[in-house]
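**Student:** Structure supplied as model16.pdb; contents: PDB, C-alpha atoms.
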```
ATOM      1  CA  MET A   1     148.206 125.632 116.932
ATOM      2  CA  THR A   2     146.787 124.179 120.166
ATOM      3  CA  LEU A   3     143.023 124.445 120.515
ATOM      4  CA  PRO A   4     141.380 125.440 123.818
ATOM      5  CA  SER A   5     139.755 122.832 126.066
ATOM      6  CA  THR A   6     136.328 124.111 124.960
ATOM      7  CA  PRO A   7     136.664 124.820 121.225
ATOM      8  CA  SER A   8     134.493 127.498 119.660
ATOM      9  CA  ILE A   9     132.505 126.269 116.657
ATOM     10  CA  LEU A  10     130.764 128.548 114.172
ATOM     11  CA  LEU A  11     128.186 126.582 112.164
ATOM     12  CA  VAL A  12     127.133 128.505 109.056
ATOM     13  CA  GLY A  13     123.938 126.952 107.728
ATOM     14  CA  CYS A  14     121.634 124.727 109.743
ATOM     15  CA  GLY A  15     119.544 122.857 107.191
ATOM     16  CA  LYS A  16     119.250 119.068 107.144
ATOM     17  CA  LEU A  17     122.963 118.366 107.241
ATOM     18  CA  GLY A  18     123.933 121.307 109.432
ATOM     19  CA  GLY A  19     121.088 120.435 111.790
ATOM     20  CA  ALA A  20     122.229 116.800 111.922
ATOM     21  CA  LEU A  21     125.734 117.918 112.810
ATOM     22  CA  LEU A  22     124.423 120.233 115.506
ATOM     23  CA  ASP A  23     122.280 117.480 117.036
ATOM     24  CA  GLY A  24     125.300 115.180 117.095
ATOM     25  CA  TRP A  25     127.480 117.785 118.771
ATOM     26  CA  LEU A  26     124.869 118.523 121.413
ATOM     27  CA  ALA A  27     124.672 114.804 122.240
ATOM     28  CA  SER A  28     128.453 114.490 122.396
ATOM     29  CA  PRO A  29     130.293 114.593 125.743
ATOM     30  CA  THR A  30     132.864 116.952 124.228
ATOM     31  CA  PRO A  31     132.297 120.512 125.532
ATOM     32  CA  LEU A  32     131.853 122.983 122.691
ATOM     33  CA  HIS A  33     131.020 126.666 122.442
ATOM     34  CA  ILE A  34     128.667 126.782 119.451
ATOM     35  CA  ILE A  35     127.141 129.662 117.519
ATOM     36  CA  VAL A  36     124.845 128.907 114.578
ATOM     37  CA  VAL A  37     124.338 131.350 111.709
ATOM     38  CA  ASP A  38     120.996 130.597 110.071
ATOM     39  CA  ARG A  39     118.146 132.966 109.318
ATOM     40  CA  HIS A  40     115.552 130.157 109.449
ATOM     41  CA  ARG A  41     116.495 128.710 112.826
ATOM     42  CA  SER A  42     115.186 130.498 115.882
ATOM     43  CA  SER A  43     115.536 128.063 118.780
ATOM     44  CA  SER A  44     118.589 127.942 121.018
ATOM     45  CA  ASP A  45     119.407 126.891 124.556
ATOM     46  CA  ASP A  46     122.214 127.034 127.076
ATOM     47  CA  THR A  47     124.441 124.821 124.905
ATOM     48  CA  PHE A  48     124.400 126.927 121.718
ATOM     49  CA  SER A  49     123.291 130.280 120.335
ATOM     50  CA  VAL A  50     121.654 131.245 117.051
ATOM     51  CA  VAL A  51     122.121 134.446 115.056
ATOM     52  CA  ARG A  52     120.283 135.286 111.858
ATOM     53  CA  ALA A  53     123.249 136.676 109.930
ATOM     54  CA  ALA A  54     127.032 136.857 110.104
ATOM     55  CA  SER A  55     126.763 140.510 111.084
ATOM     56  CA  ASP A  56     125.036 139.409 114.303
ATOM     57  CA  ILE A  57     127.967 137.279 115.516
ATOM     58  CA  PRO A  58     129.049 138.711 118.897
ATOM     59  CA  SER A  59     132.242 140.738 118.763
ATOM     60  CA  THR A  60     133.608 138.661 121.648
ATOM     61  CA  PHE A  61     133.333 135.371 119.718
ATOM     62  CA  THR A  62     136.432 134.012 117.979
ATOM     63  CA  PRO A  63     135.835 130.673 116.243
ATOM     64  CA  ASP A  64     138.394 127.877 116.237
ATOM     65  CA  ILE A  65     136.509 126.017 113.482
ATOM     66  CA  ILE A  66     134.081 127.452 110.940
ATOM     67  CA  VAL A  67     131.809 124.720 109.569
ATOM     68  CA  LEU A  68     130.367 125.773 106.222
ATOM     69  CA  ALA A  69     127.094 123.912 105.596
ATOM     70  CA  VAL A  70     125.398 126.235 103.116
ATOM     71  CA  LYS A  71     124.365 125.556  99.536
ATOM     72  CA  PRO A  72     127.452 125.546  97.281
ATOM     73  CA  ALA A  73     126.105 128.411  95.162
ATOM     74  CA  THR A  74     126.067 130.697  98.213
ATOM     75  CA  ALA A  75     129.476 129.711  99.620
ATOM     76  CA  GLU A  76     131.399 132.743  98.385
ATOM     77  CA  ASP A  77     128.772 135.168  99.688
ATOM     78  CA  ALA A  78     128.747 133.415 103.069
ATOM     79  CA  ILE A  79     132.540 133.579 103.344
ATOM     80  CA  SER A  80     132.549 137.253 102.349
ATOM     81  CA  ALA A  81     129.956 138.045 105.027
ATOM     82  CA  LEU A  82     132.033 136.188 107.624
ATOM     83  CA  GLY A  83     135.086 138.198 106.662
ATOM     84  CA  GLU A  84     133.222 141.465 107.112
ATOM     85  CA  SER A  85     131.845 140.409 110.488
ATOM     86  CA  LEU A  86     134.821 138.616 112.036
ATOM     87  CA  GLY A  87     137.643 140.696 110.617
ATOM     88  CA  SER A  88     141.001 139.573 112.009
ATOM     89  CA  ARG A  89     139.267 137.007 114.251
ATOM     90  CA  MET A  90     138.577 134.907 111.159
ATOM     91  CA  GLN A  91     142.309 134.426 110.647
ATOM     92  CA  LYS A  92     142.485 132.249 113.793
ATOM     93  CA  ALA A  93     140.031 129.640 112.479
ATOM     94  CA  ALA A  94     140.134 126.621 110.205
ATOM     95  CA  LEU A  95     137.361 126.120 107.656
ATOM     96  CA  LEU A  96     135.562 122.775 107.451
ATOM     97  CA  SER A  97     133.352 122.535 104.360
ATOM     98  CA  VAL A  98     130.637 119.883 104.146
ATOM     99  CA  MET A  99     129.542 121.045 100.700
ATOM    100  CA  ALA A 100     129.905 119.280  97.386
ATOM    101  CA  GLY A 101     131.376 121.086  94.417
ATOM    102  CA  ARG A 102     133.740 123.509  96.149
ATOM    103  CA  THR A 103     137.413 122.593  96.149
ATOM    104  CA  CYS A 104     140.021 123.609  98.707
ATOM    105  CA  ALA A 105     141.526 125.943  96.109
ATOM    106  CA  ALA A 106     138.190 127.664  95.477
ATOM    107  CA  LEU A 107     137.463 127.986  99.199
ATOM    108  CA  SER A 108     140.975 129.256  99.880
ATOM    109  CA  ASP A 109     140.554 131.864  97.151
ATOM    110  CA  ALA A 110     137.241 132.960  98.664
ATOM    111  CA  THR A 111     138.704 133.304 102.144
ATOM    112  CA  SER A 112     141.696 135.244 100.780
ATOM    113  CA  LYS A 113     139.322 137.714  99.142
ATOM    114  CA  SER A 114     137.646 138.143 102.526
ATOM    115  CA  GLY A 115     140.987 139.086 104.083
ATOM    116  CA  ALA A 116     141.941 135.773 105.709
ATOM    117  CA  THR A 117     144.076 132.768 104.856
ATOM    118  CA  LEU A 118     142.556 129.705 106.493
ATOM    119  CA  PRO A 119     143.479 126.029 106.552
ATOM    120  CA  ILE A 120     140.777 124.216 104.568
ATOM    121  CA  LEU A 121     139.286 120.827 105.422
ATOM    122  CA  ARG A 122     136.562 119.125 103.422
ATOM    123  CA  ALA A 123     134.083 116.389 104.203
ATOM    124  CA  MET A 124     131.372 114.603 102.257
ATOM    125  CA  PRO A 125     128.799 113.265 104.737
ATOM    126  CA  ASN A 126     125.642 111.501 103.607
ATOM    127  CA  THR A 127     122.004 111.794 104.615
ATOM    128  CA  PRO A 128     121.963 109.013 107.267
ATOM    129  CA  SER A 129     123.971 111.509 109.321
ATOM    130  CA  ALA A 130     120.540 112.876 110.277
ATOM    131  CA  ILE A 131     119.987 109.755 112.409
ATOM    132  CA  GLY A 132     123.578 109.389 113.573
ATOM    133  CA  ALA A 133     124.288 106.618 111.048
ATOM    134  CA  GLY A 134     126.172 108.578 108.418
ATOM    135  CA  ILE A 135     129.596 108.073 106.957
ATOM    136  CA  SER A 136     131.844 110.898 105.821
ATOM    137  CA  GLY A 137     134.814 111.015 103.522
ATOM    138  CA  PHE A 138     137.256 113.513 105.056
ATOM    139  CA  TYR A 139     140.227 115.393 103.646
ATOM    140  CA  ALA A 140     142.519 117.809 105.470
ATOM    141  CA  SER A 141     144.769 120.145 103.528
ATOM    142  CA  PRO A 142     148.449 120.242 104.563
ATOM    143  CA  GLN A 143     147.922 123.669 106.149
ATOM    144  CA  ALA A 144     145.614 122.259 108.840
ATOM    145  CA  THR A 145     147.277 121.518 112.155
ATOM    146  CA  GLU A 146     146.996 118.162 113.877
ATOM    147  CA  GLU A 147     144.702 119.710 116.495
ATOM    148  CA  GLN A 148     142.405 121.246 113.862
ATOM    149  CA  THR A 149     142.278 117.996 111.908
ATOM    150  CA  SER A 150     141.509 115.948 115.028
ATOM    151  CA  LEU A 151     138.722 118.303 116.115
ATOM    152  CA  CYS A 152     137.093 118.318 112.661
ATOM    153  CA  HIS A 153     137.304 114.526 112.597
ATOM    154  CA  GLU A 154     135.599 114.430 116.010
ATOM    155  CA  LEU A 155     132.860 116.826 114.871
ATOM    156  CA  LEU A 156     132.068 114.543 111.926
ATOM    157  CA  PHE A 157     132.282 111.395 114.044
ATOM    158  CA  ALA A 158     129.406 112.750 116.158
ATOM    159  CA  VAL A 159     127.012 111.821 113.308
ATOM    160  CA  GLY A 160     128.570 108.568 112.095
ATOM    161  CA  ASP A 161     131.747 106.964 110.845
ATOM    162  CA  VAL A 162     134.570 108.912 109.200
ATOM    163  CA  VAL A 163     136.982 107.719 106.506
ATOM    164  CA  ARG A 164     139.977 109.953 105.917
ATOM    165  CA  VAL A 165     141.347 110.152 102.376
ATOM    166  CA  ASP A 166     144.844 111.255 101.428
ATOM    167  CA  SER A 167     143.906 113.158  98.279
ATOM    168  CA  GLU A 168     141.218 115.765  97.739
ATOM    169  CA  GLU A 169     140.546 114.149  94.369
ATOM    170  CA  ASP A 170     139.419 111.015  96.236
ATOM    171  CA  LEU A 171     136.387 112.992  97.420
ATOM    172  CA  LEU A 172     134.975 112.698  93.900
ATOM    173  CA  ALA A 173     134.698 108.928  94.306
ATOM    174  CA  VAL A 174     133.517 109.357  97.910
ATOM    175  CA  THR A 175     130.697 111.557  96.612
ATOM    176  CA  ALA A 176     129.706 108.934  94.039
ATOM    177  CA  VAL A 177     129.897 105.915  96.358
ATOM    178  CA  SER A 178     128.719 107.082  99.795
ATOM    179  CA  GLY A 179     127.508 110.643  99.300
ATOM    180  CA  SER A 180     125.003 109.604  96.633
ATOM    181  CA  GLY A 181     124.913 105.977  97.817
ATOM    182  CA  PRO A 182     121.819 106.185 100.043
ATOM    183  CA  ALA A 183     119.771 107.035  96.935
ATOM    184  CA  TYR A 184     120.897 103.785  95.317
ATOM    185  CA  VAL A 185     119.756 101.819  98.367
ATOM    186  CA  PHE A 186     116.446 103.700  98.462
ATOM    187  CA  LEU A 187     115.946 102.841  94.795
ATOM    188  CA  LEU A 188     116.527  99.159  95.557
ATOM    189  CA  ALA A 189     113.942  99.312  98.350
ATOM    190  CA  GLU A 190     111.513 101.045  96.004
ATOM    191  CA  LEU A 191     111.970  98.420  93.279
ATOM    192  CA  LEU A 192     111.725  95.468  95.686
ATOM    193  CA  GLU A 193     108.491  96.896  97.063
ATOM    194  CA  LYS A 194     106.987  97.364  93.604
ATOM    195  CA  ALA A 195     108.039  93.863  92.560
ATOM    196  CA  GLY A 196     106.434  92.414  95.683
ATOM    197  CA  GLU A 197     103.190  94.198  94.899
ATOM    198  CA  ALA A 198     103.326  92.963  91.305
ATOM    199  CA  HIS A 199     103.418  89.418  92.671
ATOM    200  CA  GLY A 200     100.339  89.898  94.804
ATOM    201  CA  LEU A 201     101.631  91.271  98.109
ATOM    202  CA  SER A 202      99.897  94.236  99.708
ATOM    203  CA  GLN A 203     101.817  97.493  99.701
ATOM    204  CA  THR A 204     102.227  97.330 103.485
ATOM    205  CA  THR A 205     103.585  93.785 103.394
ATOM    206  CA  ALA A 206     105.873  94.444 100.419
ATOM    207  CA  ARG A 207     107.253  97.569 102.095
ATOM    208  CA  ARG A 208     107.964  95.820 105.387
ATOM    209  CA  LEU A 209     109.677  92.930 103.615
ATOM    210  CA  ALA A 210     111.790  95.202 101.385
ATOM    211  CA  ARG A 211     112.890  97.568 104.132
ATOM    212  CA  GLY A 212     113.405  94.823 106.690
ATOM    213  CA  THR A 213     115.577  92.892 104.257
ATOM    214  CA  ILE A 214     117.779  95.889 103.483
ATOM    215  CA  TYR A 215     118.069  96.757 107.166
ATOM    216  CA  GLY A 216     119.009  93.206 108.131
ATOM    217  CA  ALA A 217     121.510  92.817 105.303
ATOM    218  CA  GLY A 218     123.062  96.144 106.244
ATOM    219  CA  ARG A 219     123.380  94.998 109.856
ATOM    220  CA  MET A 220     125.146  91.828 108.714
ATOM    221  CA  LEU A 221     127.560  93.824 106.578
ATOM    222  CA  ASP A 222     128.303  96.083 109.538
ATOM    223  CA  ASP A 223     128.551  93.392 112.210
ATOM    224  CA  MET A 224     130.385  90.624 110.338
ATOM    225  CA  PRO A 225     133.966  90.714 109.041
ATOM    226  CA  ASP A 226     133.166  88.679 105.918
ATOM    227  CA  ASP A 227     133.502  90.178 102.459
ATOM    228  CA  ALA A 228     130.221  91.134 100.845
ATOM    229  CA  ALA A 229     130.907  88.563  98.126
ATOM    230  CA  ASP A 230     131.272  85.807 100.735
ATOM    231  CA  LEU A 231     128.017  86.811 102.434
ATOM    232  CA  ARG A 232     126.289  86.728  99.055
ATOM    233  CA  LYS A 233     127.643  83.262  98.271
ATOM    234  CA  ALA A 234     126.602  81.984 101.702
ATOM    235  CA  VAL A 235     122.906  82.627 100.964
ATOM    236  CA  THR A 236     123.030  81.402  97.364
ATOM    237  CA  SER A 237     122.230  77.713  97.148
ATOM    238  CA  PRO A 238     123.125  76.097  93.814
ATOM    239  CA  ASN A 239     120.140  76.117  91.466
ATOM    240  CA  GLY A 240     117.981  77.739  94.163
ATOM    241  CA  THR A 241     115.749  80.807  94.112
ATOM    242  CA  THR A 242     118.533  83.242  95.013
ATOM    243  CA  ALA A 243     120.749  81.818  92.278
ATOM    244  CA  ALA A 244     117.931  82.246  89.762
ATOM    245  CA  ALA A 245     117.597  85.922  90.670
ATOM    246  CA  LEU A 246     121.348  86.549  90.721
ATOM    247  CA  ASN A 247     121.709  84.990  87.269
ATOM    248  CA  VAL A 248     119.648  87.945  86.064
ATOM    249  CA  LEU A 249     121.188  90.652  88.256
ATOM    250  CA  MET A 250     124.788  89.539  87.682
ATOM    251  CA  ALA A 251     124.561  89.161  83.927
ATOM    252  CA  PRO A 252     127.377  91.156  82.263
ATOM    253  CA  ASP A 253     124.961  93.811  81.007
ATOM    254  CA  ALA A 254     123.046  94.072  84.315
ATOM    255  CA  TRP A 255     124.290  95.157  87.761
ATOM    256  CA  PRO A 256     128.054  94.699  87.240
ATOM    257  CA  SER A 257     127.983  96.992  84.233
ATOM    258  CA  ASN A 258     125.295  99.418  85.372
ATOM    259  CA  ILE A 259     126.655 100.022  88.875
ATOM    260  CA  SER A 260     130.052 100.764  87.372
ATOM    261  CA  LYS A 261     128.461 103.144  84.868
ATOM    262  CA  ALA A 262     126.443 104.826  87.623
ATOM    263  CA  ILE A 263     129.515 105.477  89.780
ATOM    264  CA  ASP A 264     131.404 106.742  86.716
ATOM    265  CA  ALA A 265     128.547 109.142  85.923
ATOM    266  CA  ALA A 266     128.321 110.425  89.507
ATOM    267  CA  THR A 267     132.099 110.870  89.731
ATOM    268  CA  LYS A 268     132.150 112.774  86.448
ATOM    269  CA  ARG A 269     129.348 115.045  87.614
ATOM    270  CA  ALA A 270     131.102 115.689  90.941
ATOM    271  CA  ASP A 271     134.204 116.724  88.996
ATOM    272  CA  GLU A 272     132.115 119.052  86.810
ATOM    273  CA  LEU A 273     130.549 120.688  89.862
ATOM    274  CA  ALA A 274     133.995 121.187  91.347
ATOM    275  CA  GLY A 275     134.903 123.215  88.284
TER     276      GLY A 275
END
```
Before anything else, please render the file you have as structure tokens.

**Tutor:**
Amino acid sequence: MTLPSTPSILLVGCGKLGGALLDGWLASPTPLHIIVVDRHRSSSDDTFSVVRAASDIPSTFTPDIIVLAVKPATAEDAISALGESLGSRMQKAALLSVMAGRTCAALSDATSKSGATLPILRAMPNTPSAIGAGISGFYASPQATEEQTSLCHELLFAVGDVVRVDSEEDLLAVTAVSGSGPAYVFLLAELLEKAGEAHGLSQTTARRLARGTIYGAGRMLDDMPDDAADLRKAVTSPNGTTAAALNVLMAPDAWPSNISKAIDAATKRADELAG
């Protein structure tokens, strides 16, 4: 399947993640014909249109890619409504899901019940996508064409980096590491700030120091080719202050064990949600 020079994108759901994707697409030089289905969004302009429900999708619109960005619990209802509205036009699209907890098999079953058999692609973006600094794990089922896969990759790349995985099962670990990962970093910032306050710093000063440190360290990780372990060693003088702190954090029953347990727990929960 060869996609047109101006692909038609149907975005179903325009909450935080869907809105971040839309903002990225609108800032992209790639020409797109975009219709958004979201009952809470009212604004539109010359570059995209908004309808409140699937039944309001114009009869002249045939999507090349349907991006499903609704809550997982409403996915089947959303797909059913699309089937009723689009009819045979739905058959010409590929489905890109950015939801957790819905496998390709489950989504394929839902689309079949709606009267269409669509290639399924899945992605797990994270919340920094809202500022164009996200990273997405991306999986394309074998049924997706090269053109569909490339376009979906480009749509995700508009809000950050994209890492393609070969197995859908890998998305479980992606969810645990990068999907949930921003929360781990936010927790570190929260704890550094509280520790700074406990040692006499004002809240404003402790917050600036904690956030500035995480931002700077993140920039170094992104800009420099060194392994994280090498960067850590480079700032750890023998018997210095950093070494004293790391002796606590790197104790066998501290970060090495707890981070591993945390990722295991998140991966297990992602598997449970996937059914």

**Student:** Pick out the closest residue to Thr62 in chain A from this set: A:Ser49, A:Ser8, A:Thr103, A:Ser28. Count all atoms listed in the file.

**Tutor:** A:Ser8

**Student:** Find the spatial neighbours of Ser180 in chain A, counting only C-alpha atoms, within a cut-off of 12 Å - ignore same-chain residues fewer than 2 positions away - and output them as a ChimeraX atom specification.

**Tutor:** /A:100,124-128,134-136,171-178,182-187,262-263,265-267,269-270

**Student:** Could you pull the residues within 8 Å of range 144-152 of chain A, counting all atoms listed in the file, minus those fewer than 4 positions along the same chain, as a list in words?

**Tutor:**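 Counting only the stated atoms, we get Met1, Thr2, Leu3, Ile65, Ala94, Leu96, Pro119, Ile120, Leu121, Ala140 and Leu156 of chain A.
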
**Student:** Which of these residues is nearest to Arg41 in chain A, using all atoms listed in the file: A:Leu26, A:Cys14, A:Ala81, A:Cys104?

**Tutor:**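 Answer, going by the shortest atom-to-atom distance: A:Cys14.
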
**Student:** Please write as a list in words the full residue list that the PyMOL selection byres ((chain A and resi 215-219) around 12) yields on this file.

**Tutor:** Ala133, Pro182, Val185, Phe186, Leu188, Ala189, Arg207, Arg208, Leu209, Ala210, Arg211, Gly212, Thr213, Ile214, Met220, Leu221, Asp222, Asp223, Met224, Pro225, Ala228, Leu231, Arg232 and Val235 of chain A

**Student:** Restrict the selected residues to C-alpha atoms and save them as a PDB file, in the coordinates of the input.

**Tutor:**
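In the end it all went to again-v6.pdb:
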```
ATOM      1  CA  ALA A 133     124.288 106.618 111.048  1.00  0.00           C
ATOM      2  CA  PRO A 182     121.819 106.185 100.043  1.00  0.00           C
ATOM      3  CA  VAL A 185     119.756 101.819  98.367  1.00  0.00           C
ATOM      4  CA  PHE A 186     116.446 103.700  98.462  1.00  0.00           C
ATOM      5  CA  LEU A 188     116.527  99.159  95.557  1.00  0.00           C
ATOM      6  CA  ALA A 189     113.942  99.312  98.350  1.00  0.00           C
ATOM      7  CA  ARG A 207     107.253  97.569 102.095  1.00  0.00           C
ATOM      8  CA  ARG A 208     107.964  95.820 105.387  1.00  0.00           C
ATOM      9  CA  LEU A 209     109.677  92.930 103.615  1.00  0.00           C
ATOM     10  CA  ALA A 210     111.790  95.202 101.385  1.00  0.00           C
ATOM     11  CA  ARG A 211     112.890  97.568 104.132  1.00  0.00           C
ATOM     12  CA  GLY A 212     113.405  94.823 106.690  1.00  0.00           C
ATOM     13  CA  THR A 213     115.577  92.892 104.257  1.00  0.00           C
ATOM     14  CA  ILE A 214     117.779  95.889 103.483  1.00  0.00           C
ATOM     15  CA  MET A 220     125.146  91.828 108.714  1.00  0.00           C
ATOM     16  CA  LEU A 221     127.560  93.824 106.578  1.00  0.00           C
ATOM     17  CA  ASP A 222     128.303  96.083 109.538  1.00  0.00           C
ATOM     18  CA  ASP A 223     128.551  93.392 112.210  1.00  0.00           C
ATOM     19  CA  MET A 224     130.385  90.624 110.338  1.00  0.00           C
ATOM     20  CA  PRO A 225     133.966  90.714 109.041  1.00  0.00           C
ATOM     21  CA  ALA A 228     130.221  91.134 100.845  1.00  0.00           C
ATOM     22  CA  LEU A 231     128.017  86.811 102.434  1.00  0.00           C
ATOM     23  CA  ARG A 232     126.289  86.728  99.055  1.00  0.00           C
ATOM     24  CA  VAL A 235     122.906  82.627 100.964  1.00  0.00           C
TER      25      VAL A 235
END
```

**Student:** Expand the PyMOL selection byres ((chain A and resi 112) around 12) into the explicit residue set it covers here, and present it as an MDAnalysis selection string.

**Tutor:** chainID A and resid 76 79:80 82:83 87 90:91 104:111 113:120

**Student:** For this structure, which residues satisfy the selection - the PyMOL selection byres ((chain A and resi 162) around 8) - when it is evaluated on the file as given? I want them as a CSV table (one decimal) with C-alpha atoms, in the coordinates of the input.

**Tutor:**
```csv
chain,number,residue,atom,x,y,z
A,135,ILE,CA,129.6,108.1,107.0
A,136,SER,CA,131.8,110.9,105.8
A,137,GLY,CA,134.8,111.0,103.5
A,138,PHE,CA,137.3,113.5,105.1
A,153,HIS,CA,137.3,114.5,112.6
A,156,LEU,CA,132.1,114.5,111.9
A,157,PHE,CA,132.3,111.4,114.0
A,160,GLY,CA,128.6,108.6,112.1
A,161,ASP,CA,131.7,107.0,110.8
A,163,VAL,CA,137.0,107.7,106.5
A,164,ARG,CA,140.0,110.0,105.9
```

**Student:** Kindly provide, as lines of an AutoDock Vina configuration file, the centre and edge lengths (Å, one decimal) of an axis-aligned box around all atoms of range 219-226 of chain A given in the file, with 8 Å on each side.

**Tutor:**
```
center_x = 128.7
center_y = 92.4
center_z = 109.1
size_x = 26.6
size_y = 23.4
size_z = 22.3
```

**Student:** Tell me, as a JSON list (two decimals) with C-alpha atoms, in the coordinates of the input, which residues lie within 10 Å of Val70 in chain A, counting only C-alpha atoms; anything in the same chain fewer than 4 positions away does not count.

**Tutor:**
```
[["chain", "number", "residue", "atom", "x", "y", "z"],
["A", 11, "LEU", "CA", 128.19, 126.58, 112.16],
["A", 12, "VAL", "CA", 127.13, 128.50, 109.06],
["A", 13, "GLY", "CA", 123.94, 126.95, 107.73],
["A", 14, "CYS", "CA", 121.63, 124.73, 109.74],
["A", 15, "GLY", "CA", 119.54, 122.86, 107.19],
["A", 17, "LEU", "CA", 122.96, 118.37, 107.24],
["A", 18, "GLY", "CA", 123.93, 121.31, 109.43],
["A", 38, "ASP", "CA", 121.00, 130.60, 110.07],
["A", 74, "THR", "CA", 126.07, 130.70, 98.21],
["A", 75, "ALA", "CA", 129.48, 129.71, 99.62],
["A", 78, "ALA", "CA", 128.75, 133.42, 103.07],
["A", 97, "SER", "CA", 133.35, 122.54, 104.36],
["A", 98, "VAL", "CA", 130.64, 119.88, 104.15],
["A", 99, "MET", "CA", 129.54, 121.04, 100.70]]
```

**Student:** In Å, with one decimal, what is the gap from CA of His33 in chain A to CA of Ala158 in chain A?

**Tutor:** 15.4 Å

**Student:** Could you pull the residues within 12 Å of Pro29 in chain A, counting all atoms listed in the file, minus those fewer than 4 positions along the same chain, as number ranges by chain?

**Tutor:** A: 6, 24-25, 47, 154-155, 158

**Student:** Please report the interatomic distance between CA of Val36 in chain A and CA of Ser59 in chain A in Å with one decimal.

**Tutor:**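 If I compute the distance from CA of Val36 in chain A to CA of Ser59 in chain A, I get 14.6 Å.
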
**Student:** For Glu190 in chain A, which of A:Ala251, A:Ile35, A:Ala206, A:Ala229 is the closest residue, counting only C-alpha atoms?

**Tutor:**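 Once distances to Glu190 in chain A are computed over only C-alpha atoms, the minimum belongs to A:Ala206.
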